[in-house]
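Undergrad: Sharing a structure here in structure tokens format.
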Amino acid sequence: MSAEREEVLRIEGISKKLGGKPILDNCSLTVHRGELKVLIGPSGAGKSTLLQCIDCLIPPDCGEIWLEGQRLAMNDKRGLCAYRAQVGMIFQDFNLFDHLTAEENVAIALRKVRGMSRKEAKARALEELGRVGLARRALLYPAQLSGGQKQRVAIARTLAMDPRVILLDEPTSALDPELVGEVLAVIRDLARGGMTMIMATHQMDFARALASEILFMERGRIIEQGVPDVLLAEGSATRTRDFCAHLLEMGA
Amino acid sequence: MDSLTVVLNALPAILAGSFVTVGNVAASLAMGLVLGVPLAVAQVYGNRWARRLVALYVWFFRGVPILVLLFLCYGLFISLGLPANPFLICCLVLGCTSTAYQSQIFRGAIESLPHGQLKAARALGMRDITGIRCIILPQALRLSIPGWANEFSILLKDSAICYVLGTQDIMARASFVAARTHEHLALYAAAGLIYLVLTLVVLKLLRRLEYKVHVPGYSTGMGTEGMGVG
């Protein structure tokens, strides 16, 4: 359905074993420009590991990754850093740098990776914080921000690097329920603005409304994938629909 | 002459010894800081051999008494035909010992940081060395200040043992006068008091440094607001 669109990220045959136990088993997926792929599945299915393998934060045992047609050589350190600078990553527990203000959190990689001057980096950081609605919180430290604000700073930090694709690892799972909305609103704006993203989440309403495609993972494998309307259609006998019905029953 | 007169007469000379003591301790602490940080980084992030090498170094200098090291080092200098300057040897021995202890203070601080910090730095495209320098060490060094203050006070006291090699520090001068006047009690009380005052001053300064580099909500025992994850 989107074959004519430009391919941004393609991974093929990613597998990972930890302590002899297979965590990921031959996972492949392709993301095109402007798509939002949503990974769902039970805890321990390997969603988080898959995203971290895509960013090589956990080195996969085997498999290949292409970014915009260019194959990633995982053992070339310089190439790996350049690749990561173009692939954004949002973590479940934010991982903001605790000793830096919101503004410095966004600016540090601009200076140390992109080689910007202090002044340029600061201007860009303020611009990105404004984009996530936190311009007035620029001088606060992570411990002075709410969970939702922290995650928005993390998103601004990633956006400042002009990523080709953003990986989001359950970005709202560590948040109090009333803070989930503000983070999802930022991600929704990004999706509507044409940002390419892969997101692991349990927010099914969000996935249904915005996902280009849903990928269902179980025991380290992508076992179903398709557009939300088909996968979640009333009466469809998919594993995905089963899982979502469970989530609904539990009131999630 | 009563004790007080003896002490008052000797006081300028003993106080002059504080320069030697402070110089010795400052040089040793500086050496421990400059070498201890890379050792800690090597022990946490290095390969198996780097970790073993650091562990071996730490085991040796934590295991052999300073007094033994002083005589060992002195003998080594003599047998190698090097000028056996007592001050230099004391700085070297105390510096190497402090390096071992400081490396463990920094290692503990680095290991207490969440793994996500370096992960996030890597995810932004930083090289490991950049992430360690810009993200890990600024946090780890803040957390190290209380342990480092402890290391300072231990080192200051340990430095008194250097008088055996004939340095002209506080202890050596006090013992020199005591041996001649037999006013041991008063003179060593004066020496102890000088050590106490030096400790007090430096610990106050370190406490001030701790406040100065304190990050709101980030705990080094300065308050625990906002420690929750959410």
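Chain labels run A, B, ... following the order of the structure tokens; each chain numbers its residues from 1, and ligands are numbered from 1 in the order shown.
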Mind checking DSSP for stretch 43-251 of chain A and telling me the alpha helix (DSSP H) residues as a JSON list (two decimals) with C-alpha atoms, in the first residue's frame?

TA:
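That gives us states-v7.json:
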[["chain", "number", "residue", "atom", "x", "y", "z"],
["A", 47, "LYS", "CA", 9.26, -4.98, 21.83],
["A", 48, "SER", "CA", 11.75, -3.01, 23.88],
["A", 49, "THR", "CA", 14.65, -5.30, 22.93],
["A", 50, "LEU", "CA", 13.73, -4.96, 19.25],
["A", 51, "LEU", "CA", 13.77, -1.16, 19.42],
["A", 52, "GLN", "CA", 17.08, -1.16, 21.26],
["A", 53, "CYS", "CA", 18.52, -3.61, 18.73],
["A", 54, "ILE", "CA", 17.45, -1.29, 15.93],
["A", 77, "LYS", "CA", 32.25, 2.69, 15.80],
["A", 78, "ARG", "CA", 32.29, 5.94, 13.88],
["A", 79, "GLY", "CA", 29.61, 4.76, 11.47],
["A", 80, "LEU", "CA", 27.52, 3.52, 14.39],
["A", 81, "CYS", "CA", 27.63, 6.92, 16.11],
["A", 82, "ALA", "CA", 26.68, 8.68, 12.88],
["A", 83, "TYR", "CA", 23.78, 6.22, 12.46],
["A", 84, "ARG", "CA", 22.54, 6.72, 16.01],
["A", 85, "ALA", "CA", 22.70, 10.50, 15.58],
["A", 86, "GLN", "CA", 20.14, 10.09, 12.78],
["A", 102, "ALA", "CA", 16.08, 21.01, 30.19],
["A", 103, "GLU", "CA", 17.81, 23.37, 27.78],
["A", 104, "GLU", "CA", 21.25, 21.82, 28.33],
["A", 105, "ASN", "CA", 19.75, 18.35, 27.92],
["A", 106, "VAL", "CA", 18.66, 19.33, 24.43],
["A", 107, "ALA", "CA", 21.79, 21.32, 23.60],
["A", 108, "ILE", "CA", 24.53, 18.91, 24.72],
["A", 109, "ALA", "CA", 24.37, 16.51, 21.77],
["A", 110, "LEU", "CA", 24.10, 19.44, 19.35],
["A", 111, "ARG", "CA", 27.43, 20.67, 20.71],
["A", 112, "LYS", "CA", 29.22, 17.36, 21.25],
["A", 118, "ARG", "CA", 27.26, 26.97, 22.60],
["A", 119, "LYS", "CA", 25.15, 29.86, 21.31],
["A", 120, "GLU", "CA", 23.78, 28.06, 18.25],
["A", 121, "ALA", "CA", 22.98, 24.97, 20.32],
["A", 122, "LYS", "CA", 21.17, 27.05, 22.92],
["A", 123, "ALA", "CA", 19.03, 28.79, 20.30],
["A", 124, "ARG", "CA", 18.13, 25.48, 18.70],
["A", 125, "ALA", "CA", 17.38, 23.92, 22.09],
["A", 126, "LEU", "CA", 14.99, 26.73, 23.00],
["A", 127, "GLU", "CA", 13.28, 26.36, 19.64],
["A", 128, "GLU", "CA", 12.74, 22.63, 20.17],
["A", 129, "LEU", "CA", 11.54, 23.12, 23.75],
["A", 130, "GLY", "CA", 9.04, 25.64, 22.40],
["A", 131, "ARG", "CA", 7.84, 23.01, 19.94],
["A", 147, "GLY", "CA", 6.96, 12.95, 34.24],
["A", 148, "GLY", "CA", 5.08, 14.28, 31.24],
["A", 149, "GLN", "CA", 7.35, 17.30, 31.01],
["A", 150, "LYS", "CA", 10.43, 15.09, 31.28],
["A", 151, "GLN", "CA", 9.26, 12.96, 28.38],
["A", 152, "ARG", "CA", 8.54, 16.07, 26.31],
["A", 153, "VAL", "CA", 12.08, 17.33, 27.01],
["A", 154, "ALA", "CA", 13.35, 13.91, 25.87],
["A", 155, "ILE", "CA", 11.33, 14.30, 22.67],
["A", 156, "ALA", "CA", 12.72, 17.81, 22.12],
["A", 157, "ARG", "CA", 16.24, 16.43, 22.69],
["A", 158, "THR", "CA", 15.67, 13.85, 19.98],
["A", 159, "LEU", "CA", 13.98, 16.26, 17.56],
["A", 177, "PRO", "CA", -2.56, 8.55, 33.86],
["A", 178, "GLU", "CA", -3.34, 12.27, 33.82],
["A", 179, "LEU", "CA", 0.04, 13.04, 32.20],
["A", 180, "VAL", "CA", -0.27, 10.54, 29.34],
["A", 181, "GLY", "CA", -2.35, 12.92, 27.24],
["A", 182, "GLU", "CA", 0.20, 15.71, 26.94],
["A", 183, "VAL", "CA", 2.89, 13.32, 25.68],
["A", 184, "LEU", "CA", 0.57, 11.58, 23.24],
["A", 185, "ALA", "CA", -0.49, 15.00, 21.93],
["A", 186, "VAL", "CA", 3.12, 15.82, 21.06],
["A", 187, "ILE", "CA", 3.60, 12.44, 19.34],
["A", 188, "ARG", "CA", 0.32, 12.93, 17.47],
["A", 189, "ASP", "CA", 1.52, 16.30, 16.18],
["A", 190, "LEU", "CA", 4.75, 14.68, 15.03],
["A", 191, "ALA", "CA", 2.85, 11.92, 13.22],
["A", 192, "ARG", "CA", 0.60, 14.45, 11.51],
["A", 204, "MET", "CA", -4.65, 1.09, 21.69],
["A", 205, "ASP", "CA", -6.92, 4.05, 20.95],
["A", 206, "PHE", "CA", -3.87, 6.01, 19.91],
["A", 207, "ALA", "CA", -2.59, 3.15, 17.75],
["A", 208, "ARG", "CA", -5.97, 2.65, 16.11],
["A", 209, "ALA", "CA", -6.28, 6.32, 15.26],
["A", 210, "LEU", "CA", -2.79, 7.06, 14.02],
["A", 228, "PRO", "CA", -5.38, -1.16, 12.29],
["A", 229, "ASP", "CA", -8.81, -1.28, 10.63],
["A", 230, "VAL", "CA", -8.20, -4.79, 9.36],
["A", 231, "LEU", "CA", -6.33, -6.18, 12.36],
["A", 239, "ARG", "CA", -4.33, -12.55, 17.78],
["A", 240, "THR", "CA", -4.02, -8.77, 17.88],
["A", 241, "ARG", "CA", -7.75, -8.31, 18.41],
["A", 242, "ASP", "CA", -7.71, -10.96, 21.12],
["A", 243, "PHE", "CA", -4.95, -9.15, 22.94],
["A", 244, "CYS", "CA", -6.73, -5.80, 22.66],
["A", 245, "ALA", "CA", -9.94, -7.28, 24.00],
["A", 246, "HIS", "CA", -7.91, -8.45, 27.02],
["A", 247, "LEU", "CA", -6.48, -4.97, 27.51],
["A", 248, "LEU", "CA", -10.01, -3.52, 27.42],
["A", 249, "GLU", "CA", -11.28, -6.03, 29.97]]

Undergrad: Residues of chain B within 7 Å of chain A, counting only C-alpha atoms, what are they? List them as a PyMOL selection string.

TA: chain B and resi 116-117+119-120+123-127+135+139+215-218+226-227+230

Undergrad: So how many Å separate atom CA of B:Trp49 and atom CA of B:Val68, to one decimal?

TA: 28.0 Å

Undergrad: Which neighbours of B:Thr167 fall inside 12 Å, counting only C-alpha atoms, when residues of the same chain fewer than 4 positions from it are skipped, and could you give them as a PyMOL selection string?

TA: chain B and resi 17-21+23-24+70+84-91+159-163+171-176

Undergrad: Please provide the set of residues having any atom within 7 Å of stretch 67-73 of chain A, restricted to only C-alpha atoms, with same-chain residues fewer than 5 positions apart removed, written as a ChimeraX atom specification.

TA: /A:7-10,79

Undergrad: Go ahead and write the selection's residues with N, CA and C atoms as a CSV table (one decimal), in the first residue's frame.

TA:
chain,number,residue,atom,x,y,z
A,7,GLU,N,11.7,4.4,1.2
A,7,GLU,CA,12.0,3.6,2.4
A,7,GLU,C,13.0,4.3,3.3
A,8,VAL,N,12.7,4.4,4.6
A,8,VAL,CA,13.6,5.1,5.5
A,8,VAL,C,14.5,4.0,6.2
A,9,LEU,N,13.8,3.1,6.9
A,9,LEU,CA,14.5,2.1,7.7
A,9,LEU,C,14.1,0.7,7.4
A,10,ARG,N,15.0,-0.2,7.1
A,10,ARG,CA,14.7,-1.5,6.9
A,10,ARG,C,15.5,-2.4,7.7
A,79,GLY,N,30.8,4.9,12.3
A,79,GLY,CA,29.6,4.8,11.5
A,79,GLY,C,28.4,4.6,12.4

Undergrad: So what do you get for atom CA of A:Val165 versus atom CA of A:Lys17, distance-wise?

TA: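 These atoms are spaced 25.6 Å apart.
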
Undergrad: So that I can check the surroundings of stretch 52-55 of chain B, please list as a list of chain:residue names every protein, DNA and RNA residue that reaches within 9 Å of it, counting only C-alpha atoms and ignoring chain neighbours fewer than 4 positions away.

TA: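 Near stretch 52-55 of chain B, the qualifying residues are B:Leu39, B:Ala40, B:Ala42, B:Gln43, B:Asn47, B:Arg48, B:Trp59, B:Phe60, B:Ala100, B:Ser103.
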
Undergrad: Which residues come within 12 Å of B:Leu8, counting only C-alpha atoms, excluding same-chain residues fewer than 2 positions away, as a list of chain:residue names?

TA: B:Met1, B:Asp2, B:Ser3, B:Leu4, B:Thr5, B:Val6, B:Ala10, B:Leu11, B:Pro12, B:Ala13, B:Ile14, B:Leu15, B:Ala174, B:Val177, B:Glu183, B:Ala186, B:Leu187, B:Ala190

Undergrad: Any chance you can output those residues with N, CA and C atoms as a compact mmCIF listing (two decimals), in the first residue's frame?

TA:
# COMPACT_ATOMS: atom_id res chain seq x y z
N MET B 1 61.18 26.44 82.56
CA MET B 1 60.13 26.78 81.58
C MET B 1 58.91 25.88 81.77
N ASP B 2 57.74 26.48 81.79
CA ASP B 2 56.57 25.61 81.88
C ASP B 2 56.13 25.16 80.48
N SER B 3 55.19 24.21 80.45
CA SER B 3 54.77 23.61 79.19
C SER B 3 54.28 24.65 78.20
N LEU B 4 53.52 25.60 78.71
CA LEU B 4 52.90 26.57 77.82
C LEU B 4 53.95 27.40 77.09
N THR B 5 54.99 27.79 77.83
CA THR B 5 56.06 28.57 77.21
C THR B 5 56.77 27.76 76.13
N VAL B 6 57.02 26.50 76.45
CA VAL B 6 57.68 25.63 75.46
C VAL B 6 56.86 25.57 74.19
N ALA B 10 57.75 27.02 70.52
CA ALA B 10 57.92 26.09 69.40
C ALA B 10 56.85 26.26 68.33
N LEU B 11 55.77 26.96 68.70
CA LEU B 11 54.61 27.01 67.80
C LEU B 11 54.91 27.54 66.39
N PRO B 12 55.65 28.63 66.26
CA PRO B 12 55.93 29.11 64.89
C PRO B 12 56.60 28.04 64.04
N ALA B 13 57.56 27.33 64.63
CA ALA B 13 58.28 26.29 63.88
C ALA B 13 57.33 25.15 63.51
N ILE B 14 56.48 24.74 64.48
CA ILE B 14 55.55 23.64 64.19
C ILE B 14 54.54 24.06 63.13
N LEU B 15 54.05 25.31 63.28
CA LEU B 15 53.07 25.80 62.30
C LEU B 15 53.68 25.85 60.90
N ALA B 174 57.08 18.64 65.82
CA ALA B 174 56.61 18.47 67.20
C ALA B 174 57.47 17.43 67.92
N VAL B 177 61.01 18.78 68.84
CA VAL B 177 61.03 19.63 70.03
C VAL B 177 60.75 18.79 71.27
N GLU B 183 58.58 17.79 76.83
CA GLU B 183 57.19 18.25 77.01
C GLU B 183 56.29 17.52 76.01
N ALA B 186 52.22 18.27 75.99
CA ALA B 186 51.80 19.59 75.49
C ALA B 186 52.06 19.73 73.99
N LEU B 187 53.24 19.25 73.56
CA LEU B 187 53.61 19.44 72.16
C LEU B 187 52.75 18.60 71.21
N ALA B 190 49.42 20.11 70.93
CA ALA B 190 49.44 21.23 69.98
C ALA B 190 49.41 20.71 68.54

Undergrad: Restricting the calculation to only C-alpha atoms, which member of A:Ala138, A:Ile223, A:Ile11, A:Leu215 is positioned closest to A:Trp66?

TA: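 Selected residue with least distance to A:Trp66: A:Ile11.
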
Undergrad: Using only C-alpha atoms, which residues sit within 9 Å of B:Leu155 once same-chain residues fewer than 2 positions away are excluded, as a compact mmCIF listing (two decimals) with C-alpha atoms, in the first residue's frame?

TA:
# COMPACT_ATOMS: atom_id res chain seq x y z
CA VAL B 25 48.52 16.03 51.23
CA SER B 28 48.90 13.26 46.98
CA LEU B 29 45.20 14.09 46.70
CA LEU B 94 50.63 8.68 49.72
CA SER B 98 45.22 7.62 47.60
CA ASN B 150 36.50 11.26 53.99
CA GLU B 151 39.53 10.31 51.93
CA PHE B 152 41.03 13.75 52.53
CA SER B 153 40.73 13.51 56.31
CA LYS B 157 46.16 11.96 59.32
CA ASP B 158 48.15 9.30 57.47
CA SER B 159 50.59 11.97 56.34
CA ALA B 160 51.84 12.28 59.92

Undergrad: Just the number, please: distance in Å from atom CA of A:Glu224 to atom CA of A:Ile198, one decimal.

TA: 15.6 Å
